[in-house]
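Novice: So here's my_file-v7.txt (compact mmCIF, C-alpha atoms).
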# COMPACT_ATOMS: atom_id res chain seq x y z
CA MET X 1 -25.26 84.03 36.87
CA ALA X 2 -21.54 84.02 36.44
CA SER X 3 -21.69 80.29 36.04
CA SER X 4 -19.12 79.48 33.40
CA ALA X 5 -16.75 78.54 36.23
CA LEU X 6 -17.47 77.49 39.75
CA LEU X 7 -17.28 80.40 42.16
CA TRP X 8 -15.10 78.43 44.52
CA GLN X 9 -12.84 77.33 41.68
CA HIS X 10 -12.59 80.97 40.63
CA ASN X 11 -11.00 81.76 44.00
CA ASN X 12 -8.79 78.70 44.51
CA SER X 13 -6.36 76.47 42.67
CA SER X 14 -7.56 73.10 44.00
CA THR X 15 -9.07 70.59 41.62
CA TYR X 16 -12.39 68.84 41.90
CA SER X 17 -13.58 65.48 40.76
CA THR X 18 -16.22 64.91 38.14
CA PRO X 19 -19.72 65.45 39.45
CA HIS X 20 -21.76 62.55 40.67
CA GLU X 21 -25.39 62.32 41.50
CA HIS X 22 -26.21 63.34 45.00
CA PRO X 23 -29.12 61.78 46.96
CA PHE X 24 -31.21 64.91 46.46
CA ALA X 25 -30.47 65.35 42.76
CA THR X 26 -33.30 66.57 40.54
CA TYR X 27 -35.75 67.03 43.40
CA ARG X 28 -38.71 69.39 43.13
CA GLY X 29 -39.31 71.47 46.20
CA HIS X 30 -37.25 71.85 49.35
CA ARG X 31 -38.65 69.56 52.01
CA HIS X 32 -36.22 66.68 51.59
CA CYS X 33 -33.86 67.90 48.91
CA PHE X 34 -31.02 68.68 51.34
CA GLY X 35 -31.30 65.44 53.28
CA GLY X 36 -27.89 64.35 52.07
CA LEU X 37 -25.78 67.38 52.97
CA PRO X 38 -22.24 66.34 53.86
CA LYS X 39 -21.51 66.48 57.58
CA LYS X 40 -17.76 65.73 57.52
CA ASN X 41 -15.26 68.55 57.69
CA GLU X 42 -13.99 67.82 54.18
CA ALA X 43 -13.89 69.98 51.08
CA PHE X 44 -16.95 69.66 48.82
CA ILE X 45 -18.97 71.71 46.37
CA ILE X 46 -22.66 71.22 45.68
CA THR X 47 -23.91 73.13 42.67
CA ILE X 48 -27.58 74.06 42.34
CA GLN X 49 -28.74 74.35 38.75
CA HIS X 50 -31.92 75.58 37.15
CA LYS X 51 -32.48 75.03 33.42
CA GLU X 52 -28.82 74.04 33.04
CA ALA X 53 -27.59 77.35 34.52
CA GLU X 54 -25.60 77.15 37.73
CA MET X 55 -27.39 79.33 40.26
CA LEU X 56 -25.72 78.73 43.62
CA GLN X 57 -23.14 76.61 45.39
CA ILE X 58 -23.00 75.11 48.86
CA ILE X 59 -19.51 74.53 50.28
CA ASN X 60 -17.69 73.78 53.52
CA ARG X 61 -17.13 77.20 55.07
CA ASN X 62 -13.47 76.40 55.68
CA MET X 63 -12.86 76.46 51.91
CA VAL X 64 -13.01 80.27 51.77
CA GLN X 65 -11.02 82.69 53.87
CA GLU X 66 -13.99 85.01 54.42
CA CYS X 67 -15.93 82.32 56.33
CA LYS X 68 -13.22 80.06 57.74
CA ALA X 69 -13.73 79.11 61.39
CA GLU X 70 -10.81 80.01 63.65
CA ASN X 71 -10.94 76.57 65.21
CA GLY X 72 -11.62 74.82 61.89
CA ALA X 73 -15.11 73.75 62.98
CA PHE X 74 -17.37 72.43 60.24
CA GLY X 75 -20.08 74.62 58.76
CA ILE X 76 -21.71 75.20 55.40
CA VAL X 77 -22.16 78.37 53.37
CA LEU X 78 -24.15 79.28 50.33
CA CYS X 79 -22.06 80.95 47.60
CA ILE X 80 -23.94 83.55 45.59
CA CYS X 81 -22.23 85.13 42.60
CA PHE X 82 -23.59 87.83 40.29
CA ASP X 83 -22.26 88.99 36.95
CA ARG X 84 -23.07 92.69 37.21
CA ASP X 85 -23.73 92.97 33.44
CA GLU X 86 -26.06 89.98 33.21
CA ASP X 87 -27.54 89.74 36.71
CA GLN X 88 -28.02 93.34 37.86
CA GLU X 89 -31.74 92.92 38.56
CA ALA X 90 -31.12 89.80 40.67
CA LEU X 91 -28.27 91.58 42.47
CA ASP X 92 -30.58 94.51 43.23
CA ARG X 93 -33.21 92.13 44.65
CA PHE X 94 -30.49 90.48 46.76
CA THR X 95 -29.07 93.74 48.10
CA ASP X 96 -32.60 94.94 48.95
CA SER X 97 -33.29 91.77 50.96
CA HIS X 98 -32.35 90.60 54.45
CA PHE X 99 -30.00 88.04 52.87
CA LYS X 100 -27.41 90.71 52.14
CA PHE X 101 -27.17 91.66 55.80
CA GLU X 102 -26.59 88.04 56.82
CA ALA X 103 -24.00 87.42 54.07
CA THR X 104 -20.28 88.16 53.93
CA PRO X 105 -19.08 89.89 50.75
CA GLY X 106 -16.50 87.92 48.77
CA ALA X 107 -13.00 89.36 48.62
CA ASP X 108 -13.01 88.90 44.85
CA SER X 109 -15.95 91.26 44.25
CA ASP X 110 -15.15 93.97 41.73
CA GLU X 111 -16.87 96.10 39.08
CA THR X 112 -17.85 93.03 37.03
CA LEU X 113 -18.49 90.40 39.71
CA ALA X 114 -20.28 90.51 43.07
CA SER X 115 -20.00 87.50 45.34
CA TYR X 116 -21.41 86.75 48.78
CA PHE X 117 -21.21 83.90 51.29
CA LEU X 118 -24.34 83.19 53.33
CA PRO X 119 -23.93 80.90 56.36
CA LEU X 120 -26.43 78.05 56.46
CA PRO X 121 -27.58 76.01 59.44
CA GLU X 122 -26.35 72.40 59.53
CA ASN X 123 -29.98 71.28 59.80
CA SER X 124 -30.79 70.16 56.25
CA GLU X 125 -34.45 71.25 56.31
CA LYS X 126 -33.58 74.75 57.55
CA ALA X 127 -30.75 75.08 55.02
CA ALA X 128 -33.11 74.02 52.23
CA LYS X 129 -35.77 76.50 53.33
CA ILE X 130 -33.30 79.42 53.36
CA THR X 131 -31.89 78.40 49.96
CA CYS X 132 -35.35 78.11 48.41
CA LYS X 133 -36.38 81.50 49.80
CA LEU X 134 -33.24 83.06 48.34
CA LEU X 135 -33.88 81.43 44.95
CA GLU X 136 -37.44 82.76 44.99
CA LYS X 137 -36.74 86.29 46.23
CA THR X 138 -33.51 86.91 44.30
CA PHE X 139 -33.80 84.82 41.13
CA LEU X 140 -37.63 84.49 40.98
CA ILE X 141 -37.37 80.67 40.95
CA LYS X 142 -40.21 78.98 42.86
CA SER X 143 -39.34 76.00 45.06
CA THR X 144 -41.78 73.89 43.03
CA GLN X 145 -39.63 74.30 39.90
CA HIS X 146 -37.19 71.60 38.89
CA LEU X 147 -33.65 71.98 40.31
CA ASN X 148 -30.59 69.82 39.68
CA PHE X 149 -27.82 69.28 42.19
CA GLU X 150 -24.29 68.02 41.62
CA LEU X 151 -21.78 67.10 44.29
CA TYR X 152 -18.06 67.57 43.71
CA GLU X 153 -15.44 66.18 46.03
CA VAL X 154 -12.56 68.66 46.13
CA GLU X 155 -9.00 67.41 46.08
CA GLU X 156 -6.69 69.92 47.72
Written as C-alpha cells, how would this file's structure read?
Specialist:
Amino acid sequence: MASSALLWQHNNSSTYSTPHEHPFATYRGHRHCFGGLPKKNEAFIITIQHKEAEMLQIINRNMVQECKAENGAFGIVLCICFDRDEDQEALDRFTDSHFKFEATPGADSDETLASYFLPLPENSEKAAKITCKLLEKTFLIKSTQHLNFELYEVEE
C-alpha cells in the first residue's frame, strides 16, 4: 500500500493529532471491532493496519470533495489507496470486484497512485463486514488475522 503518508493527509493540508487507542484497537475478526465508530460530524481518520502496514482508512465523508454531502450530512467512507508499482495485483483484484463499482475514484489518481472512496453504512457491524470482505478479496487478509486500528482527530 502507499502507506508512507495518510491518504487523506496526501490530499489536504490539515493536521492531525497523535494517534490514540480506539475501543476496537487490535481486535481479531469483525463482529465487534467497529463498535466505536465516531458518529459526530467531525473530522477524524481511523487507520487500519496489518503487520505494521497501513492498509485502509475510514474517514468522515465530508473530508474529501469526491464524497462530500451537499447538505453536510454525516457519513463515513473507506479510503483505499494503491501504489501501482507495489500493489498492482491487489489493484487488479479490486477493479475486478463489485467494490470498484460502488466506489468513487479519487481525484488524485494518476499513473503511480490509484485511490478510491467506498461509502460505508453507519451501522458498525455492516461497515465492519464490508471492510473485512474488502480486506479478504483485495488484499488476501482474512478477518481472523490480527488488525490494528488507530484513531486520529483532525484539526482543520
Novice: How many Å separate atom CA of X:Glu150 from atom CA of X:Phe101?
Specialist: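 Straight-line distance from atom CA of X:Glu150 to atom CA of X:Phe101 works out to 27.7 Å.
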Novice: Name the residues, using the chain letters and numbers of the file, that sit within 9 Å of (-15.6, 74.4, 53.4) when counting only C-alpha atoms, and give them as a ChimeraX atom specification.
Specialist: /X:41-45,58-64,67-68,74-77
Novice: Measuring atom to atom with only C-alpha atoms, identify which of X:Ser109, X:Ser115, X:Ser124, X:Ser97 is nearest to X:Cys79.
Specialist: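 Comparing X:Ser109, X:Ser115, X:Ser124, X:Ser97 against X:Cys79, the winner is X:Ser115.
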Novice: So, with all atoms listed in the file as the atoms that count, which of X:Leu113, X:Ala128, X:Ile141, X:Leu135 lies closest to X:Leu56?
Specialist: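 Smallest distance to X:Leu56 is found for X:Leu135.
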Novice: Hey, which of X:Glu122, X:Glu136, X:Asp110, X:Asp92 ends up closest to X:Met55? Count all atoms listed in the file.
Specialist: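 The answer is X:Glu136, which sits nearest to X:Met55.
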Novice: Which is closest to X:Leu140 among X:Phe99, X:Tyr152, X:Phe117, X:Phe94, if we use all atoms listed in the file?
Specialist: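 Looking at the shortest contact to X:Leu140, the residue is X:Phe94.
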Novice: Would you list the contacts of stretch 129-134 of chain X as a compact mmCIF listing (two decimals) with C-alpha atoms, keeping the file's coordinate frame, taking every protein, DNA or RNA residue within 12 Å and counting all atoms listed in the file, but skipping same-chain residues closer than 6 positions in sequence?
Specialist:
# COMPACT_ATOMS: atom_id res chain seq x y z
CA ARG X 28 -38.71 69.39 43.13
CA GLY X 29 -39.31 71.47 46.20
CA HIS X 30 -37.25 71.85 49.35
CA ARG X 31 -38.65 69.56 52.01
CA HIS X 32 -36.22 66.68 51.59
CA CYS X 33 -33.86 67.90 48.91
CA PHE X 34 -31.02 68.68 51.34
CA GLY X 35 -31.30 65.44 53.28
CA ILE X 48 -27.58 74.06 42.34
CA MET X 55 -27.39 79.33 40.26
CA LEU X 56 -25.72 78.73 43.62
CA GLN X 57 -23.14 76.61 45.39
CA ILE X 58 -23.00 75.11 48.86
CA ILE X 76 -21.71 75.20 55.40
CA VAL X 77 -22.16 78.37 53.37
CA LEU X 78 -24.15 79.28 50.33
CA CYS X 79 -22.06 80.95 47.60
CA ILE X 80 -23.94 83.55 45.59
CA ALA X 90 -31.12 89.80 40.67
CA LEU X 91 -28.27 91.58 42.47
CA ARG X 93 -33.21 92.13 44.65
CA PHE X 94 -30.49 90.48 46.76
CA THR X 95 -29.07 93.74 48.10
CA ASP X 96 -32.60 94.94 48.95
CA SER X 97 -33.29 91.77 50.96
CA HIS X 98 -32.35 90.60 54.45
CA PHE X 99 -30.00 88.04 52.87
CA LYS X 100 -27.41 90.71 52.14
CA GLU X 102 -26.59 88.04 56.82
CA ALA X 103 -24.00 87.42 54.07
CA LEU X 118 -24.34 83.19 53.33
CA PRO X 119 -23.93 80.90 56.36
CA LEU X 120 -26.43 78.05 56.46
CA PRO X 121 -27.58 76.01 59.44
CA GLU X 122 -26.35 72.40 59.53
CA ASN X 123 -29.98 71.28 59.80
CA LEU X 140 -37.63 84.49 40.98
CA ILE X 141 -37.37 80.67 40.95
CA LYS X 142 -40.21 78.98 42.86
CA SER X 143 -39.34 76.00 45.06
CA THR X 144 -41.78 73.89 43.03
CA GLN X 145 -39.63 74.30 39.90
CA HIS X 146 -37.19 71.60 38.89
CA LEU X 147 -33.65 71.98 40.31
Novice: Take atom CA of X:Arg84 and atom CA of X:Val154 and report the distance between them in Å, one decimal.
Specialist: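 Separation of atom CA of X:Arg84 and atom CA of X:Val154: 27.7 Å.
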